[in-house]
Amino acid sequence: MAADFAQLFHGFTIAFSFYHVAIIVVGVLLGILVGVLPGLGAPNGVTLLLPLTFTMDPVSAIILLSSMYWGALFGGSTTSILFNIPGEPSSVATTFDGYPMARAGRATEALSTAFFSAGLGALVGILVITLLAGQIAEFALRFSSPEFFAIYLLAFCSFIGLGGADPMKTAVSLLTGLALGTVGMDTVSGELRLTFGLPDLLRGISFLVAVIGLFGIGELLLTVQEELKFRGVSSRIEPREIWVAIRRLPTYWATFLRSAVIGVWMGITPGGPTAASFMSYGIGRRFGKFGHNFGKGEPEGVVAPETADHSAGTSALLPMLALGVPGSATAAVMMGGLMIWGLQPGPLLFTEQPDFVWGLIASMYLSNIIAVVLVLATVPIFASILRIPFAIIAPIIIVVCLIGAYTVAGSSFDVWLAVAFGIVGYVFKRLDYPIAPFVLAMVLGDKAEDAFRQSMILSNGSLSIFWSNGLVTTLIALAVLLLAWPLVSSGLALSRRLGTAAAR
């Protein structure tokens, strides 16, 4: 533990350079813009920015991307409160009480409550990463190919058992992503797979192009169908009301602690920020001190989802750094960036690249403080963007997405591929198929396949290697349990209903 804190202090010497502070400010401002504009969002914003980081050193690049991520989360809260338009899916629950507060002339109170709750929630997530990342990485150094395959299998199955979406739809999304992840040249045999004679598919399908289409173009198509109209309230910030909101925050300490725990758990598991915010809001409504006022403009109804949202978004980086398993769609994009920069996410990252890991963790503390200050200072500016007609904003977003797809490999084929993924994303969203498992499978599919093949080579083709020791057996058993959990929970619910009916 003492060694971790020594590494953290070294990370602060890296993060507090003028260059990195400037990068944090730029990243947060870009993130707020991405969060404010409907149809973009954190995963797509990070994806569009990723090609620009290829010439940067990895530490600066990850600080820029993570800062954009924090800013996007704050930007989504701004539009939820002022315009009743969630800039991020995880900000939907904030609209339930944030917008009624703004309509009642309490916009500053709502925004201040949201931003400071979000900042405190993110701080809890960062503390969890600081305290646990090193221990988890040391433990993971015991892993070999069977254990890594078990971890990947556990990640896939946990989306089915804990993801919150329909299990069958989640399975379809996962399997589709796994299938697309096999396109191109097989790294083991050298054979071509699923290329259909197209030379452009020899290098496989870039997950960056897929994410741009799924999150950017797909979300925009959905927004166009819903005929989005911006109806905002005053975005003026009153400094006196900021201090009033800060003084009231301790009143909601129980809600804050409960929501932070929910957020950290949902971030480490693949539940993600969206599920965390809804779960926290629902539990707050049931057990909160002012839960009976939820939906009527209650500040506690803003504290609960915002705290959980940001603690989940932050802690989602923990499994990505320590195990190489991203806990959210944005973390999956960042993990792809690490591999592009030549870094291998996982336990060895802590021993081979300590400056990278601890520089990133230290920058999280600084970037979240800067994000709270900047978002309060720039609310009127970014809110004014939403008063521009959507007919003007939408084409600009489309052009930015297509340019981003082209810059990934300088291929016009990728542009058409992004459009195709945009249609897929639109269909998935319309039919309530989750997209996060799709992205996770594309990022981890080849790694899981390689781990499985290496395990088979070690065991001469025997599956018994996956229960050859207590660790891998436990991981596989948990994966099977999570895979079967929807059936188990349905069976338990049915038995309870039958028991109730028999008692009557």
# chains A, B, ... in the order shown; residues from 1 in each chain; ligands from 1

call {"tool": "residues_around", "arguments": {"residues": "range 292-305 of chain A", "least_positions_apart": "5", "cutoff": "10 Å", "atoms": "only C-alpha atoms", "output": "count of residues only"}}
result
60

call {"tool": "residues_around", "arguments": {"residues": "Gly216 in chain A", "least_positions_apart": "2", "cutoff": "8 Å", "atoms": "only C-alpha atoms", "output": "PyMOL selection string"}}
result
chain A and resi 39-41+44+211-214+218-220+397-398+401+422

call {"tool": "write_last_selection", "arguments": {"atoms": "all heavy atoms", "output": "short mmCIF file (atom, residue, chain, number, x, y, z; two decimals), in the first residue's frame"}}
result
data_model
loop_
_atom_site.label_atom_id
_atom_site.label_comp_id
_atom_site.auth_asym_id
_atom_site.auth_seq_id
_atom_site.Cartn_x
_atom_site.Cartn_y
_atom_site.Cartn_z
N GLY A 39 -26.33 13.18 -29.98
CA GLY A 39 -25.86 12.38 -31.09
C GLY A 39 -24.38 12.05 -31.03
O GLY A 39 -23.89 11.27 -31.83
N LEU A 40 -23.66 12.66 -30.09
CA LEU A 40 -22.25 12.31 -29.94
C LEU A 40 -22.08 11.41 -28.71
O LEU A 40 -22.25 10.21 -28.80
CB LEU A 40 -21.39 13.58 -29.85
CG LEU A 40 -21.09 14.25 -31.19
CD1 LEU A 40 -20.28 15.52 -30.99
CD2 LEU A 40 -20.33 13.31 -32.11
N GLY A 41 -21.79 11.96 -27.56
CA GLY A 41 -21.61 11.14 -26.38
C GLY A 41 -20.16 10.77 -26.16
O GLY A 41 -19.33 10.87 -27.07
N ASN A 44 -18.22 8.03 -28.51
CA ASN A 44 -17.94 8.52 -29.85
C ASN A 44 -16.96 9.69 -29.82
O ASN A 44 -16.10 9.82 -30.69
CB ASN A 44 -19.23 8.95 -30.54
CG ASN A 44 -19.06 9.08 -32.04
OD1 ASN A 44 -18.56 8.20 -32.71
ND2 ASN A 44 -19.47 10.22 -32.58
N VAL A 211 -17.41 1.95 -33.62
CA VAL A 211 -17.93 2.80 -32.55
C VAL A 211 -18.45 4.12 -33.09
O VAL A 211 -19.49 4.63 -32.65
CB VAL A 211 -16.83 3.03 -31.49
CG1 VAL A 211 -17.27 4.10 -30.49
CG2 VAL A 211 -16.54 1.74 -30.74
N ILE A 212 -17.73 4.70 -34.06
CA ILE A 212 -18.20 5.94 -34.67
C ILE A 212 -19.59 5.74 -35.27
O ILE A 212 -20.48 6.59 -35.11
CB ILE A 212 -17.20 6.42 -35.74
CG1 ILE A 212 -15.92 6.95 -35.07
CG2 ILE A 212 -17.82 7.52 -36.61
CD1 ILE A 212 -14.82 7.28 -36.05
N GLY A 213 -19.77 4.63 -35.98
CA GLY A 213 -21.09 4.38 -36.57
C GLY A 213 -22.14 4.06 -35.53
O GLY A 213 -23.24 4.63 -35.55
N LEU A 214 -21.82 3.16 -34.59
CA LEU A 214 -22.80 2.70 -33.61
C LEU A 214 -23.28 3.84 -32.72
O LEU A 214 -24.49 4.02 -32.50
CB LEU A 214 -22.21 1.59 -32.76
CG LEU A 214 -21.94 0.25 -33.45
CD1 LEU A 214 -21.10 -0.65 -32.55
CD2 LEU A 214 -23.25 -0.44 -33.80
N GLY A 218 -25.57 6.26 -35.45
CA GLY A 218 -26.77 5.57 -34.99
C GLY A 218 -27.60 6.42 -34.05
O GLY A 218 -28.82 6.50 -34.17
N GLU A 219 -26.93 7.06 -33.10
CA GLU A 219 -27.65 7.92 -32.15
C GLU A 219 -28.28 9.11 -32.86
O GLU A 219 -29.38 9.53 -32.52
CB GLU A 219 -26.69 8.40 -31.06
CG GLU A 219 -27.34 9.19 -29.94
CD GLU A 219 -28.24 8.34 -29.07
OE1 GLU A 219 -27.97 7.14 -28.91
OE2 GLU A 219 -29.25 8.89 -28.58
N LEU A 220 -27.59 9.64 -33.84
CA LEU A 220 -28.11 10.79 -34.57
C LEU A 220 -29.35 10.41 -35.37
O LEU A 220 -30.33 11.16 -35.42
CB LEU A 220 -27.03 11.36 -35.49
CG LEU A 220 -27.33 12.75 -36.05
CD1 LEU A 220 -27.34 13.77 -34.93
CD2 LEU A 220 -26.28 13.13 -37.08
N ILE A 397 -22.43 17.18 -37.16
CA ILE A 397 -22.05 15.96 -36.43
C ILE A 397 -21.77 14.82 -37.40
O ILE A 397 -20.80 14.07 -37.24
CB ILE A 397 -23.17 15.57 -35.44
CG1 ILE A 397 -23.31 16.64 -34.35
CG2 ILE A 397 -22.89 14.21 -34.81
CD1 ILE A 397 -24.47 16.40 -33.40
N ILE A 398 -22.62 14.69 -38.43
CA ILE A 398 -22.42 13.63 -39.42
C ILE A 398 -21.07 13.79 -40.13
O ILE A 398 -20.30 12.82 -40.29
CB ILE A 398 -23.55 13.64 -40.47
CG1 ILE A 398 -24.84 13.09 -39.86
CG2 ILE A 398 -23.17 12.83 -41.69
CD1 ILE A 398 -24.82 11.59 -39.65
N CYS A 401 -18.22 12.82 -37.84
CA CYS A 401 -18.14 11.37 -37.69
C CYS A 401 -17.50 10.71 -38.92
O CYS A 401 -16.64 9.83 -38.79
CB CYS A 401 -19.54 10.78 -37.46
SG CYS A 401 -20.25 11.14 -35.85
N GLY A 422 -23.71 2.65 -38.46
CA GLY A 422 -24.70 3.61 -37.98
C GLY A 422 -26.11 3.05 -38.12
O GLY A 422 -26.95 3.19 -37.22
#

call {"tool": "select_by_dssp", "arguments": {"residues": "range 94-256 of chain A", "states": "helix (DSSP H, G or I)", "output": "MDAnalysis selection string"}}
result
chainID A and resid 94:103 107:140 145:162 167:181 199:201 207:225 239:256

call {"tool": "atom_distance", "arguments": {"atom1": "CA of Phe149 in chain A", "atom2": "CA of Gly425 in chain A"}}
result
28.0 Å

call {"tool": "closest_residue", "arguments": {"among": "A:Asp200, A:Thr195, A:Leu64, A:Arg496", "to": "Gly410 in chain A", "atoms": "only C-alpha atoms"}}
result
A:Asp200

call {"tool": "residues_around", "arguments": {"residues": "range 47-59 of chain A", "least_positions_apart": "6", "cutoff": "9 Å", "atoms": "only C-alpha atoms", "output": "PDB file with N, CA, C and O atoms, in the first residue's frame"}}
result
ATOM      1  N   ILE A  14       4.012  14.022 -12.528  1.00  0.00           N
ATOM      2  CA  ILE A  14       3.817  13.951 -13.985  1.00  0.00           C
ATOM      3  C   ILE A  14       2.587  14.756 -14.397  1.00  0.00           C
ATOM      4  O   ILE A  14       2.621  15.544 -15.348  1.00  0.00           O
ATOM      5  N   LEU A  65      -7.736  11.818 -23.341  1.00  0.00           N
ATOM      6  CA  LEU A  65      -8.958  11.044 -23.564  1.00  0.00           C
ATOM      7  C   LEU A  65      -9.789  10.936 -22.289  1.00  0.00           C
ATOM      8  O   LEU A  65     -11.014  11.072 -22.332  1.00  0.00           O
ATOM      9  N   MET A  68     -11.530  14.199 -21.557  1.00  0.00           N
ATOM     10  CA  MET A  68     -12.707  14.358 -22.406  1.00  0.00           C
ATOM     11  C   MET A  68     -13.870  13.530 -21.859  1.00  0.00           C
ATOM     12  O   MET A  68     -15.025  13.980 -21.877  1.00  0.00           O
ATOM     13  N   LEU A 208     -12.724   1.275 -33.974  1.00  0.00           N
ATOM     14  CA  LEU A 208     -12.957   2.722 -33.974  1.00  0.00           C
ATOM     15  C   LEU A 208     -14.039   3.087 -34.985  1.00  0.00           C
ATOM     16  O   LEU A 208     -14.949   3.878 -34.691  1.00  0.00           O
ATOM     17  N   VAL A 209     -13.956   2.517 -36.181  1.00  0.00           N
ATOM     18  CA  VAL A 209     -14.978   2.775 -37.202  1.00  0.00           C
ATOM     19  C   VAL A 209     -16.336   2.270 -36.724  1.00  0.00           C
ATOM     20  O   VAL A 209     -17.367   2.941 -36.902  1.00  0.00           O
ATOM     21  N   VAL A 211     -17.406   1.950 -33.623  1.00  0.00           N
ATOM     22  CA  VAL A 211     -17.926   2.798 -32.545  1.00  0.00           C
ATOM     23  C   VAL A 211     -18.449   4.115 -33.095  1.00  0.00           C
ATOM     24  O   VAL A 211     -19.488   4.628 -32.648  1.00  0.00           O
ATOM     25  N   ILE A 212     -17.728   4.698 -34.057  1.00  0.00           N
ATOM     26  CA  ILE A 212     -18.199   5.945 -34.668  1.00  0.00           C
ATOM     27  C   ILE A 212     -19.589   5.744 -35.268  1.00  0.00           C
ATOM     28  O   ILE A 212     -20.482   6.587 -35.106  1.00  0.00           O
ATOM     29  N   THR A 330     -16.930   3.280 -23.114  1.00  0.00           N
ATOM     30  CA  THR A 330     -15.849   4.254 -23.241  1.00  0.00           C
ATOM     31  C   THR A 330     -14.520   3.658 -22.797  1.00  0.00           C
ATOM     32  O   THR A 330     -13.477   3.907 -23.416  1.00  0.00           O
ATOM     33  N   VAL A 333     -13.124   1.669 -25.575  1.00  0.00           N
ATOM     34  CA  VAL A 333     -12.458   2.501 -26.594  1.00  0.00           C
ATOM     35  C   VAL A 333     -11.067   2.903 -26.116  1.00  0.00           C
ATOM     36  O   VAL A 333     -10.089   2.867 -26.873  1.00  0.00           O
ATOM     37  N   MET A 334     -10.966   3.302 -24.828  1.00  0.00           N
ATOM     38  CA  MET A 334      -9.656   3.670 -24.287  1.00  0.00           C
ATOM     39  C   MET A 334      -8.697   2.487 -24.318  1.00  0.00           C
ATOM     40  O   MET A 334      -7.504   2.645 -24.599  1.00  0.00           O
ATOM     41  N   GLY A 337      -7.260   2.164 -27.576  1.00  0.00           N
ATOM     42  CA  GLY A 337      -6.212   3.150 -27.747  1.00  0.00           C
ATOM     43  C   GLY A 337      -4.894   2.686 -27.154  1.00  0.00           C
ATOM     44  O   GLY A 337      -3.829   2.865 -27.760  1.00  0.00           O
ATOM     45  N   LEU A 338      -4.950   2.068 -25.972  1.00  0.00           N
ATOM     46  CA  LEU A 338      -3.732   1.556 -25.353  1.00  0.00           C
ATOM     47  C   LEU A 338      -3.034   0.551 -26.261  1.00  0.00           C
ATOM     48  O   LEU A 338      -1.805   0.586 -26.422  1.00  0.00           O
ATOM     49  N   ILE A 340      -3.295   0.334 -29.495  1.00  0.00           N
ATOM     50  CA  ILE A 340      -2.763   1.033 -30.666  1.00  0.00           C
ATOM     51  C   ILE A 340      -1.443   1.712 -30.329  1.00  0.00           C
ATOM     52  O   ILE A 340      -0.514   1.761 -31.146  1.00  0.00           O
ATOM     53  N   TRP A 341      -1.310   2.224 -29.091  1.00  0.00           N
ATOM     54  CA  TRP A 341      -0.065   2.893 -28.672  1.00  0.00           C
ATOM     55  C   TRP A 341       1.024   1.891 -28.306  1.00  0.00           C
ATOM     56  O   TRP A 341       2.128   2.279 -27.924  1.00  0.00           O
ATOM     57  N   GLY A 342       0.725   0.602 -28.408  1.00  0.00           N
ATOM     58  CA  GLY A 342       1.721  -0.419 -28.105  1.00  0.00           C
ATOM     59  C   GLY A 342       1.760  -0.842 -26.656  1.00  0.00           C
ATOM     60  O   GLY A 342       2.720  -1.494 -26.220  1.00  0.00           O
ATOM     61  N   LEU A 343       0.721  -0.491 -25.878  1.00  0.00           N
ATOM     62  CA  LEU A 343       0.646  -0.885 -24.472  1.00  0.00           C
ATOM     63  C   LEU A 343      -0.351  -2.027 -24.314  1.00  0.00           C
ATOM     64  O   LEU A 343      -1.381  -2.056 -24.983  1.00  0.00           O
ATOM     65  N   ASP A 355       4.790   4.880 -14.954  1.00  0.00           N
ATOM     66  CA  ASP A 355       4.548   6.303 -15.205  1.00  0.00           C
ATOM     67  C   ASP A 355       3.204   6.502 -15.902  1.00  0.00           C
ATOM     68  O   ASP A 355       2.469   7.455 -15.588  1.00  0.00           O
ATOM     69  N   PHE A 356       2.893   5.606 -16.832  1.00  0.00           N
ATOM     70  CA  PHE A 356       1.619   5.707 -17.550  1.00  0.00           C
ATOM     71  C   PHE A 356       0.447   5.510 -16.591  1.00  0.00           C
ATOM     72  O   PHE A 356      -0.480   6.323 -16.546  1.00  0.00           O
ATOM     73  N   VAL A 357       0.483   4.434 -15.816  1.00  0.00           N
ATOM     74  CA  VAL A 357      -0.642   4.092 -14.941  1.00  0.00           C
ATOM     75  C   VAL A 357      -0.853   5.151 -13.866  1.00  0.00           C
ATOM     76  O   VAL A 357      -1.962   5.688 -13.699  1.00  0.00           O
ATOM     77  N   GLY A 359       0.474   8.179 -13.627  1.00  0.00           N
ATOM     78  CA  GLY A 359       0.228   9.506 -14.191  1.00  0.00           C
ATOM     79  C   GLY A 359      -1.233   9.682 -14.548  1.00  0.00           C
ATOM     80  O   GLY A 359      -1.831  10.747 -14.323  1.00  0.00           O
ATOM     81  N   LEU A 360      -1.858   8.613 -15.093  1.00  0.00           N
ATOM     82  CA  LEU A 360      -3.282   8.655 -15.401  1.00  0.00           C
ATOM     83  C   LEU A 360      -4.114   8.787 -14.129  1.00  0.00           C
ATOM     84  O   LEU A 360      -5.019   9.627 -14.049  1.00  0.00           O
ATOM     85  N   VAL A 400     -18.390  15.356 -39.041  1.00  0.00           N
ATOM     86  CA  VAL A 400     -17.306  15.071 -38.093  1.00  0.00           C
ATOM     87  C   VAL A 400     -17.123  13.566 -37.934  1.00  0.00           C
ATOM     88  O   VAL A 400     -15.994  13.060 -37.914  1.00  0.00           O
ATOM     89  N   CYS A 401     -18.220  12.822 -37.842  1.00  0.00           N
ATOM     90  CA  CYS A 401     -18.141  11.366 -37.692  1.00  0.00           C
ATOM     91  C   CYS A 401     -17.500  10.711 -38.918  1.00  0.00           C
ATOM     92  O   CYS A 401     -16.636   9.830 -38.790  1.00  0.00           O
ATOM     93  N   ILE A 403     -15.522  12.107 -41.170  1.00  0.00           N
ATOM     94  CA  ILE A 403     -14.099  12.473 -41.237  1.00  0.00           C
ATOM     95  C   ILE A 403     -13.302  11.616 -40.248  1.00  0.00           C
ATOM     96  O   ILE A 403     -12.212  11.131 -40.556  1.00  0.00           O
ATOM     97  N   GLY A 404     -13.870  11.421 -39.055  1.00  0.00           N
ATOM     98  CA  GLY A 404     -13.205  10.576 -38.067  1.00  0.00           C
ATOM     99  C   GLY A 404     -13.018   9.159 -38.561  1.00  0.00           C
ATOM    100  O   GLY A 404     -11.959   8.552 -38.349  1.00  0.00           O
ATOM    101  N   ALA A 405     -14.027   8.618 -39.231  1.00  0.00           N
ATOM    102  CA  ALA A 405     -13.921   7.255 -39.766  1.00  0.00           C
ATOM    103  C   ALA A 405     -12.843   7.184 -40.849  1.00  0.00           C
ATOM    104  O   ALA A 405     -12.090   6.204 -40.919  1.00  0.00           O
ATOM    105  N   THR A 407     -10.158   9.088 -41.140  1.00  0.00           N
ATOM    106  CA  THR A 407      -8.805   9.305 -40.624  1.00  0.00           C
ATOM    107  C   THR A 407      -8.241   8.087 -39.901  1.00  0.00           C
ATOM    108  O   THR A 407      -7.029   8.032 -39.650  1.00  0.00           O
ATOM    109  N   VAL A 408      -9.069   7.098 -39.562  1.00  0.00           N
ATOM    110  CA  VAL A 408      -8.571   5.908 -38.868  1.00  0.00           C
ATOM    111  C   VAL A 408      -7.519   5.199 -39.707  1.00  0.00           C
ATOM    112  O   VAL A 408      -6.457   4.814 -39.213  1.00  0.00           O
TER     113      VAL A 408
END

call {"tool": "residues_around", "arguments": {"residues": "Ser455 in chain A", "least_positions_apart": "5", "cutoff": "12 Å", "atoms": "only C-alpha atoms", "output": "JSON, numbers by chain"}}
result
{"A": [143, 144, 145, 146, 147, 148, 149, 150, 448, 449, 450, 460, 461, 462, 463, 464, 465, 466, 467, 468, 472]}

call {"tool": "closest_residue", "arguments": {"among": "A:Ala308, A:Ile435, A:Ala394, A:Ala484", "to": "Thr176 in chain A", "atoms": "only C-alpha atoms"}}
result
A:Ile435
